file query39.txt (compact mmCIF, C-alpha atoms and all ligand atoms)
# COMPACT_ATOMS: atom_id res chain seq x y z
CA MET A 1061 99.99 -80.75 -164.95
CA ALA A 1062 96.37 -79.96 -164.00
CA LEU A 1063 95.84 -76.61 -162.30
CA THR A 1064 93.52 -76.07 -159.34
CA LEU A 1065 92.57 -72.59 -158.15
CA TYR A 1066 91.55 -72.14 -154.51
CA TYR A 1067 89.37 -69.06 -154.42
CA HIS A 1068 86.15 -67.38 -153.43
CA PRO A 1069 83.88 -65.69 -156.03
CA LEU A 1070 83.53 -62.46 -153.98
CA SER A 1071 87.23 -61.93 -153.27
CA SER A 1072 88.88 -59.14 -155.23
CA TYR A 1073 92.31 -60.76 -155.28
CA CYS A 1074 90.72 -63.98 -156.52
CA TRP A 1075 89.08 -62.01 -159.34
CA LYS A 1076 92.55 -60.86 -160.37
CA ALA A 1077 93.68 -64.49 -160.76
CA LEU A 1078 90.41 -65.58 -162.38
CA ILE A 1079 90.59 -62.80 -164.97
CA ALA A 1080 94.10 -63.93 -165.93
CA LEU A 1081 93.02 -67.57 -166.17
CA TYR A 1082 89.89 -66.86 -168.21
CA ASP A 1083 91.48 -64.24 -170.42
CA SER A 1084 94.34 -66.57 -171.34
CA GLY A 1085 92.02 -69.55 -171.90
CA THR A 1086 93.99 -71.59 -169.35
CA PRO A 1087 92.13 -74.74 -168.25
CA PHE A 1088 91.87 -75.15 -164.46
CA THR A 1089 89.68 -76.68 -161.79
CA PRO A 1090 88.04 -74.11 -159.52
CA ARG A 1091 87.93 -75.07 -155.85
CA GLN A 1092 85.75 -72.68 -153.88
CA VAL A 1093 86.92 -72.05 -150.30
CA ASN A 1094 84.63 -70.89 -147.52
CA LEU A 1095 86.89 -69.34 -144.88
CA GLY A 1096 84.06 -69.76 -142.37
CA SER A 1097 84.36 -73.55 -142.66
CA ALA A 1098 87.04 -75.20 -140.51
CA ASP A 1099 87.45 -77.98 -143.08
CA ASP A 1100 87.96 -75.55 -145.96
CA ARG A 1101 90.41 -73.49 -143.90
CA ALA A 1102 92.40 -76.63 -143.09
CA VAL A 1103 92.67 -77.47 -146.80
CA LEU A 1104 93.85 -73.97 -147.71
CA GLN A 1105 96.18 -73.73 -144.71
CA ALA A 1106 97.84 -77.02 -145.63
CA LEU A 1107 98.71 -75.51 -149.00
CA TRP A 1108 99.54 -72.00 -147.80
CA PRO A 1109 99.79 -71.41 -144.04
CA PRO A 1110 98.76 -67.70 -144.11
CA CYS A 1111 95.37 -69.06 -145.33
CA ARG A 1112 94.80 -66.28 -147.87
CA PHE A 1113 93.50 -66.81 -151.36
CA PRO A 1114 93.92 -67.05 -154.32
CA VAL A 1115 96.27 -70.04 -154.36
CA LEU A 1116 97.07 -72.00 -157.51
CA HIS A 1117 98.08 -75.64 -157.12
CA ASP A 1118 100.01 -77.24 -159.93
CA GLY A 1119 101.31 -80.72 -159.12
CA ASP A 1120 103.97 -80.20 -156.48
CA ARG A 1121 104.00 -76.42 -156.93
CA VAL A 1122 101.92 -74.02 -154.87
CA MET A 1123 101.55 -70.47 -156.11
CA PRO A 1124 100.05 -68.00 -153.62
CA GLU A 1125 99.99 -64.21 -154.09
CA SER A 1126 97.95 -63.11 -157.08
CA THR A 1127 100.82 -61.32 -158.83
CA ILE A 1128 103.20 -64.27 -158.53
CA LEU A 1129 100.41 -66.63 -159.55
CA ILE A 1130 99.89 -64.62 -162.76
CA GLU A 1131 103.61 -64.38 -163.43
CA TYR A 1132 103.75 -68.15 -163.08
CA LEU A 1133 100.90 -68.53 -165.58
CA ALA A 1134 102.70 -66.21 -167.98
CA GLN A 1135 105.82 -68.43 -167.70
CA GLN A 1136 104.08 -71.76 -167.97
CA GLN A 1137 101.09 -71.27 -170.26
CA ALA A 1138 101.53 -70.16 -173.84
CA GLY A 1139 98.12 -68.46 -173.86
CA ALA A 1140 99.07 -66.36 -170.82
CA ALA A 1141 102.49 -65.18 -172.03
CA GLY A 1142 101.13 -61.79 -173.13
CA LEU A 1143 100.06 -60.91 -169.59
CA LEU A 1144 103.69 -59.96 -168.92
CA PRO A 1145 105.48 -58.27 -171.83
CA ALA A 1146 108.83 -59.79 -172.76
CA GLU A 1147 110.58 -56.46 -173.24
CA ALA A 1148 112.22 -55.28 -170.01
CA ASP A 1149 110.93 -51.69 -169.84
CA ALA A 1150 107.38 -52.67 -170.79
CA ARG A 1151 107.53 -55.38 -168.14
CA LEU A 1152 108.61 -52.85 -165.50
CA GLN A 1153 105.63 -50.65 -166.35
CA VAL A 1154 103.23 -53.56 -166.02
CA ARG A 1155 104.71 -54.57 -162.67
CA LEU A 1156 104.65 -50.96 -161.45
CA TRP A 1157 100.94 -50.59 -162.20
CA ASP A 1158 100.19 -53.96 -160.67
CA ARG A 1159 101.82 -52.67 -157.46
CA ILE A 1160 99.88 -49.39 -157.62
CA CYS A 1161 96.59 -51.30 -157.96
CA ASP A 1162 97.40 -53.58 -155.02
CA ASN A 1163 99.14 -51.13 -152.69
CA ASP A 1164 97.33 -47.88 -153.37
CA LEU A 1165 93.80 -49.13 -154.10
CA GLN A 1166 93.32 -52.64 -152.74
CA GLY A 1167 95.19 -51.91 -149.49
CA PRO A 1168 93.03 -48.90 -148.56
CA LEU A 1169 89.96 -50.76 -149.83
CA GLN A 1170 90.60 -53.64 -147.42
CA LYS A 1171 90.87 -51.10 -144.59
CA ILE A 1172 87.54 -49.45 -145.52
CA VAL A 1173 85.65 -52.73 -145.98
CA GLY A 1174 87.30 -54.42 -142.98
CA ASP A 1175 86.33 -51.51 -140.76
CA ARG A 1176 82.69 -51.78 -141.83
CA LEU A 1177 82.70 -55.43 -140.70
CA ARG A 1178 83.89 -54.54 -137.18
CA GLN A 1179 81.80 -53.86 -134.12
CA GLU A 1180 81.07 -50.15 -133.67
CA ALA A 1181 83.41 -49.90 -130.66
CA GLU A 1182 86.32 -51.34 -132.62
CA ARG A 1183 86.04 -49.03 -135.62
CA ASP A 1184 88.88 -46.74 -136.68
CA PRO A 1185 87.41 -43.58 -138.26
CA LYS A 1186 90.78 -41.87 -138.70
CA GLY A 1187 92.27 -44.94 -140.40
CA VAL A 1188 89.26 -45.14 -142.72
CA ALA A 1189 89.44 -41.42 -143.55
CA ASP A 1190 93.15 -41.86 -144.38
CA ALA A 1191 92.34 -44.87 -146.57
CA ARG A 1192 89.65 -42.91 -148.44
CA ALA A 1193 92.08 -40.04 -148.99
CA ALA A 1194 94.69 -42.51 -150.29
CA VAL A 1195 92.22 -43.85 -152.88
CA GLN A 1196 91.35 -40.32 -154.00
CA ARG A 1197 95.06 -39.49 -154.34
CA THR A 1198 95.55 -42.55 -156.55
CA TYR A 1199 92.77 -41.91 -159.08
CA PRO A 1200 94.52 -38.91 -160.73
CA LEU A 1201 97.59 -41.09 -161.31
CA PHE A 1202 95.39 -43.38 -163.39
CA GLU A 1203 93.87 -40.45 -165.23
CA ARG A 1204 97.31 -39.23 -166.29
CA GLN A 1205 98.58 -42.71 -167.17
CA LEU A 1206 95.53 -43.60 -169.28
CA ALA A 1207 95.65 -40.62 -171.66
CA GLY A 1208 96.00 -42.06 -175.17
CA ARG A 1209 96.01 -45.67 -173.94
CA THR A 1210 93.59 -48.57 -174.27
CA TRP A 1211 95.09 -50.67 -171.48
CA LEU A 1212 96.76 -49.56 -168.31
CA ALA A 1213 100.44 -50.32 -168.78
CA SER A 1214 101.16 -51.99 -172.11
CA GLU A 1215 99.87 -52.31 -175.65
CA GLY A 1216 97.90 -55.42 -174.81
CA PHE A 1217 95.77 -56.52 -171.87
CA SER A 1218 98.21 -57.40 -169.07
CA LEU A 1219 98.75 -58.33 -165.44
CA ALA A 1220 98.18 -54.64 -164.64
CA ASP A 1221 94.66 -54.78 -166.10
CA CYS A 1222 93.91 -58.01 -164.21
CA ALA A 1223 94.89 -56.12 -161.03
CA ALA A 1224 93.03 -52.94 -161.95
CA LEU A 1225 89.54 -54.33 -162.50
CA PRO A 1226 88.92 -55.79 -159.03
CA ALA A 1227 90.52 -52.80 -157.32
CA LEU A 1228 88.53 -50.25 -159.31
CA PHE A 1229 85.30 -52.24 -159.18
CA TYR A 1230 85.21 -52.07 -155.41
CA THR A 1231 86.79 -48.63 -154.89
CA PHE A 1232 84.30 -47.11 -157.38
CA ILE A 1233 81.58 -48.31 -154.98
CA VAL A 1234 83.08 -47.40 -151.61
CA GLU A 1235 84.95 -44.25 -152.65
CA PRO A 1236 83.79 -43.13 -156.13
CA PRO A 1237 86.16 -41.07 -158.30
CA PRO A 1238 85.20 -37.57 -159.48
CA THR A 1239 83.23 -37.62 -162.75
CA GLU A 1240 85.79 -35.34 -164.41
CA LEU A 1241 88.34 -38.18 -164.46
CA VAL A 1242 87.05 -39.17 -167.89
CA GLN A 1243 89.97 -41.39 -168.91
CA LEU A 1244 89.58 -43.42 -165.75
CA HIS A 1245 85.82 -43.86 -166.20
CA ALA A 1246 86.24 -44.83 -169.86
CA TYR A 1247 88.96 -47.35 -168.95
CA PHE A 1248 86.70 -48.92 -166.33
CA GLU A 1249 83.97 -49.34 -168.96
CA ARG A 1250 86.49 -50.98 -171.33
CA LEU A 1251 87.48 -53.40 -168.59
CA LEU A 1252 83.83 -54.27 -168.03
CA GLN A 1253 83.50 -55.25 -171.71
CA ARG A 1254 86.27 -57.84 -171.46
CA PRO A 1255 84.66 -61.34 -171.60
CA ALA A 1256 86.85 -62.64 -168.76
CA VAL A 1257 85.67 -59.77 -166.55
CA GLN A 1258 82.03 -60.36 -167.45
CA ARG A 1259 82.41 -64.00 -166.50
CA VAL A 1260 83.92 -63.13 -163.11
CA LEU A 1261 81.18 -60.59 -162.37
CA GLN A 1262 78.49 -63.05 -163.38
CA GLN A 1263 79.86 -65.65 -160.98
CA ALA A 1264 80.13 -63.10 -158.17
CA ARG A 1265 76.56 -61.84 -158.55
CA PRO A 1266 74.91 -64.30 -156.10
CA TRP A 1267 77.50 -63.28 -153.50
CA PHE A 1268 77.18 -59.51 -153.75
CA GLN A 1269 74.45 -59.54 -151.10
CA TYR A 1270 77.22 -60.30 -148.57
CA PHE A 1271 79.35 -57.30 -149.57
CA PRO A 1272 79.00 -54.81 -146.70
CA PHE A 1273 78.53 -51.88 -149.13
CA VAL A 1274 75.95 -53.68 -151.30
CA ASP A 1275 73.55 -50.77 -150.82
CA ALA A 1276 75.93 -48.51 -152.73
CA MET A 1277 76.43 -50.99 -155.59
CA PRO A 1278 75.09 -49.84 -158.99
CA ALA A 1279 71.99 -51.78 -160.06
CA ARG A 1280 73.68 -52.92 -163.28
CA PHE A 1281 75.92 -55.26 -161.25
CA LEU A 1282 73.18 -56.83 -159.17
N1 LIG B 1 98.67 -60.13 -151.44
C1 LIG B 1 97.69 -61.19 -151.56
C2 LIG B 1 96.43 -60.72 -150.87
C3 LIG B 1 95.38 -61.82 -150.82
C4 LIG B 1 94.24 -61.45 -149.87
O1 LIG B 1 94.33 -60.52 -149.06
N2 LIG B 1 93.15 -62.24 -149.99
C5 LIG B 1 92.04 -62.02 -149.12
C6 LIG B 1 90.74 -62.13 -149.88
S1 LIG B 1 90.56 -60.82 -151.06
C7 LIG B 1 92.03 -63.10 -148.05
O2 LIG B 1 92.44 -64.22 -148.30
N3 LIG B 1 91.55 -62.75 -146.87
C8 LIG B 1 91.44 -63.68 -145.80
C9 LIG B 1 92.42 -63.42 -144.70
O3 LIG B 1 93.32 -62.57 -144.85
O4 LIG B 1 92.28 -64.09 -143.66
C10 LIG B 1 97.47 -61.53 -153.04
O5 LIG B 1 97.82 -60.70 -153.89
O6 LIG B 1 97.01 -62.64 -153.34
call {"tool": "encode", "arguments": {"input": "query39.txt", "output": "structure tokens"}}
result
Amino acid sequence: MALTLYYHPLSSYCWKALIALYDSGTPFTPRQVNLGSADDRAVLQALWPPCRFPVLHDGDRVMPESTILIEYLAQQQAGAAGLLPAEADARLQVRLWDRICDNDLQGPLQKIVGDRLRQEAERDPKGVADARAAVQRTYPLFERQLAGRTWLASEGFSLADCAALPALFYTFIVEPPPTELVQLHAYFERLLQRPAVQRVLQQARPWFQYFPFVDAMPARFL
């Protein structure tokens, strides 16, 4: 069945899905969604009422939630099978690090970025300070995990790496890690070399001007 991905090129969770699709060589039709357009929202909402992307549409199956979407790809597409290791313990590690990326980096990141988009009077400085502290507490976990490893949670590139790139890309801008976390910085550079990641970043480039922290973005990405 033909796959359609509902996404936006600036959205970090959509990057996670796109990296999995590109890296596995899975053919799909991209359908860009502008949440500011009532028509686009209606299309996405009809598929997935919470109206969040990414959403993958495959015949009569609708796969929201980036992690589940990638697990579905790993089940259905031979080229994507390696994104989730078959062996039970290795699989647990991959799923653990996927959760850490989403819960402990992306969650605080959404708080920091969302706050910047609010009116001054509606901002939440304490919540943002807590979110920044949460990101800084998470980086050393990565540093420890990455010692002696190429990829985050398994021998090969996995779901965990698909989750890590978007989270780290944006947290490195809004709340940079200390330079002494050398494993983490080296891992980020390895991720940036991955062709699927380069493709996603290339497609996002025209949209970076709308990222509220664009002024802090390194020139190499612009
Ligand atoms: N847990 C979801 C999170 C998806 C998510 O938060 N997507 C954001 C864009 S990065 C979104 O759709 N935001 C619009 C909204 O929440 O109204 C996943 O993993 O796919």
call {"tool": "residues_near_ligand", "arguments": {"input": "query39.txt", "ligand": "ligand LIG 1 (chain B)", "cutoff": "10 Å", "atoms": "all atoms listed in the file", "output": "PDB file with C-alpha atoms, keeping the file's coordinate frame"}}
result
ATOM      1  CA  TYR A1067      89.370 -69.060-154.420  1.00  0.00           C
ATOM      2  CA  HIS A1068      86.150 -67.380-153.430  1.00  0.00           C
ATOM      3  CA  PRO A1069      83.880 -65.690-156.030  1.00  0.00           C
ATOM      4  CA  LEU A1070      83.530 -62.460-153.980  1.00  0.00           C
ATOM      5  CA  SER A1071      87.230 -61.930-153.270  1.00  0.00           C
ATOM      6  CA  SER A1072      88.880 -59.140-155.230  1.00  0.00           C
ATOM      7  CA  TYR A1073      92.310 -60.760-155.280  1.00  0.00           C
ATOM      8  CA  CYS A1074      90.720 -63.980-156.520  1.00  0.00           C
ATOM      9  CA  TRP A1075      89.080 -62.010-159.340  1.00  0.00           C
ATOM     10  CA  LYS A1076      92.550 -60.860-160.370  1.00  0.00           C
ATOM     11  CA  ALA A1077      93.680 -64.490-160.760  1.00  0.00           C
ATOM     12  CA  VAL A1093      86.920 -72.050-150.300  1.00  0.00           C
ATOM     13  CA  LEU A1095      86.890 -69.340-144.880  1.00  0.00           C
ATOM     14  CA  ARG A1101      90.410 -73.490-143.900  1.00  0.00           C
ATOM     15  CA  LEU A1104      93.850 -73.970-147.710  1.00  0.00           C
ATOM     16  CA  PRO A1110      98.760 -67.700-144.110  1.00  0.00           C
ATOM     17  CA  CYS A1111      95.370 -69.060-145.330  1.00  0.00           C
ATOM     18  CA  ARG A1112      94.800 -66.280-147.870  1.00  0.00           C
ATOM     19  CA  PHE A1113      93.500 -66.810-151.360  1.00  0.00           C
ATOM     20  CA  PRO A1114      93.920 -67.050-154.320  1.00  0.00           C
ATOM     21  CA  VAL A1115      96.270 -70.040-154.360  1.00  0.00           C
ATOM     22  CA  MET A1123     101.550 -70.470-156.110  1.00  0.00           C
ATOM     23  CA  PRO A1124     100.050 -68.000-153.620  1.00  0.00           C
ATOM     24  CA  GLU A1125      99.990 -64.210-154.090  1.00  0.00           C
ATOM     25  CA  SER A1126      97.950 -63.110-157.080  1.00  0.00           C
ATOM     26  CA  THR A1127     100.820 -61.320-158.830  1.00  0.00           C
ATOM     27  CA  ILE A1128     103.200 -64.270-158.530  1.00  0.00           C
ATOM     28  CA  LEU A1129     100.410 -66.630-159.550  1.00  0.00           C
ATOM     29  CA  ILE A1130      99.890 -64.620-162.760  1.00  0.00           C
ATOM     30  CA  ASP A1158     100.190 -53.960-160.670  1.00  0.00           C
ATOM     31  CA  ARG A1159     101.820 -52.670-157.460  1.00  0.00           C
ATOM     32  CA  ASP A1162      97.400 -53.580-155.020  1.00  0.00           C
ATOM     33  CA  ASN A1163      99.140 -51.130-152.690  1.00  0.00           C
ATOM     34  CA  GLN A1166      93.320 -52.640-152.740  1.00  0.00           C
ATOM     35  CA  GLY A1167      95.190 -51.910-149.490  1.00  0.00           C
ATOM     36  CA  GLN A1170      90.600 -53.640-147.420  1.00  0.00           C
ATOM     37  CA  ALA A1223      94.890 -56.120-161.030  1.00  0.00           C
ATOM     38  CA  PRO A1226      88.920 -55.790-159.030  1.00  0.00           C
TER      39      PRO A1226
END
call {"tool": "closest_residue", "arguments": {"input": "query39.txt", "among": "A:Leu1219, A:Ala1276, A:Ile1172, A:Leu1261", "to": "A:Tyr1132", "atoms": "only C-alpha atoms"}}
result
A:Leu1219
call {"tool": "residues_around", "arguments": {"input": "query39.txt", "residues": "A:Thr1239", "least_positions_apart": "4", "cutoff": "12 Å", "atoms": "all atoms listed in the file", "output": "number ranges by chain"}}
result
A: 1199-1200, 1203, 1232, 1243-1246
call {"tool": "atom_distance", "arguments": {"input": "query39.txt", "atom1": "atom CA of A:Phe1229", "atom2": "atom CA of A:Glu1182"}}
result
26.6 Å
call {"tool": "residues_near_point", "arguments": {"input": "query39.txt", "point": "(91.6, -74.5, -168.3)", "cutoff": "12 Å", "atoms": "all atoms listed in the file", "output": "VMD selection string"}}
result
chain A and resid 1061 to 1065 1078 1080 to 1090 1133 1137 1139 to 1140
call {"tool": "residues_around", "arguments": {"input": "query39.txt", "residues": "A:Ala1279", "least_positions_apart": "6", "cutoff": "12 Å", "atoms": "all atoms listed in the file", "output": "count of residues only"}}
result
3
call {"tool": "residues_around", "arguments": {"input": "query39.txt", "residues": "A:Gln1205", "least_positions_apart": "4", "cutoff": "12 Å", "atoms": "all atoms listed in the file", "output": "PDB file with C-alpha atoms, in the frame of the given file"}}
result
ATOM      1  CA  GLN A1153     105.630 -50.650-166.350  1.00  0.00           C
ATOM      2  CA  VAL A1154     103.230 -53.560-166.020  1.00  0.00           C
ATOM      3  CA  LEU A1156     104.650 -50.960-161.450  1.00  0.00           C
ATOM      4  CA  TRP A1157     100.940 -50.590-162.200  1.00  0.00           C
ATOM      5  CA  ILE A1160      99.880 -49.390-157.620  1.00  0.00           C
ATOM      6  CA  THR A1198      95.550 -42.550-156.550  1.00  0.00           C
ATOM      7  CA  TYR A1199      92.770 -41.910-159.080  1.00  0.00           C
ATOM      8  CA  PRO A1200      94.520 -38.910-160.730  1.00  0.00           C
ATOM      9  CA  LEU A1201      97.590 -41.090-161.310  1.00  0.00           C
ATOM     10  CA  ARG A1209      96.010 -45.670-173.940  1.00  0.00           C
ATOM     11  CA  THR A1210      93.590 -48.570-174.270  1.00  0.00           C
ATOM     12  CA  TRP A1211      95.090 -50.670-171.480  1.00  0.00           C
ATOM     13  CA  LEU A1212      96.760 -49.560-168.310  1.00  0.00           C
ATOM     14  CA  ALA A1213     100.440 -50.320-168.780  1.00  0.00           C
ATOM     15  CA  SER A1214     101.160 -51.990-172.110  1.00  0.00           C
ATOM     16  CA  LEU A1241      88.340 -38.180-164.460  1.00  0.00           C
ATOM     17  CA  GLN A1243      89.970 -41.390-168.910  1.00  0.00           C
ATOM     18  CA  LEU A1244      89.580 -43.420-165.750  1.00  0.00           C
ATOM     19  CA  TYR A1247      88.960 -47.350-168.950  1.00  0.00           C
TER      20      TYR A1247
END
call {"tool": "atom_distance", "arguments": {"input": "query39.txt", "atom1": "atom CA of A:Val1195", "atom2": "atom CA of A:Ala1227"}}
result
10.1 Å
call {"tool": "closest_residue", "arguments": {"input": "query39.txt", "among": "A:Leu1107, A:Tyr1230, A:Cys1222, A:Gln1136", "to": "A:Val1274", "atoms": "only C-alpha atoms"}}
result
A:Tyr1230
call {"tool": "atom_distance", "arguments": {"input": "query39.txt", "atom1": "atom CA of A:Ala1207", "atom2": "atom CA of A:Ile1079"}}
result
23.7 Å
call {"tool": "closest_residue", "arguments": {"input": "query39.txt", "among": "A:Gly1174, A:Arg1155, A:Val1188, A:His1117", "to": "A:Glu1131", "atoms": "all atoms listed in the file"}}
result
A:Arg1155
call {"tool": "residues_around", "arguments": {"input": "query39.txt", "residues": "A:Lys1186", "least_positions_apart": "3", "cutoff": "12 Å", "atoms": "all atoms listed in the file", "output": "PyMOL selection string"}}
result
chain A and resi 1171-1172+1175+1183+1189-1193
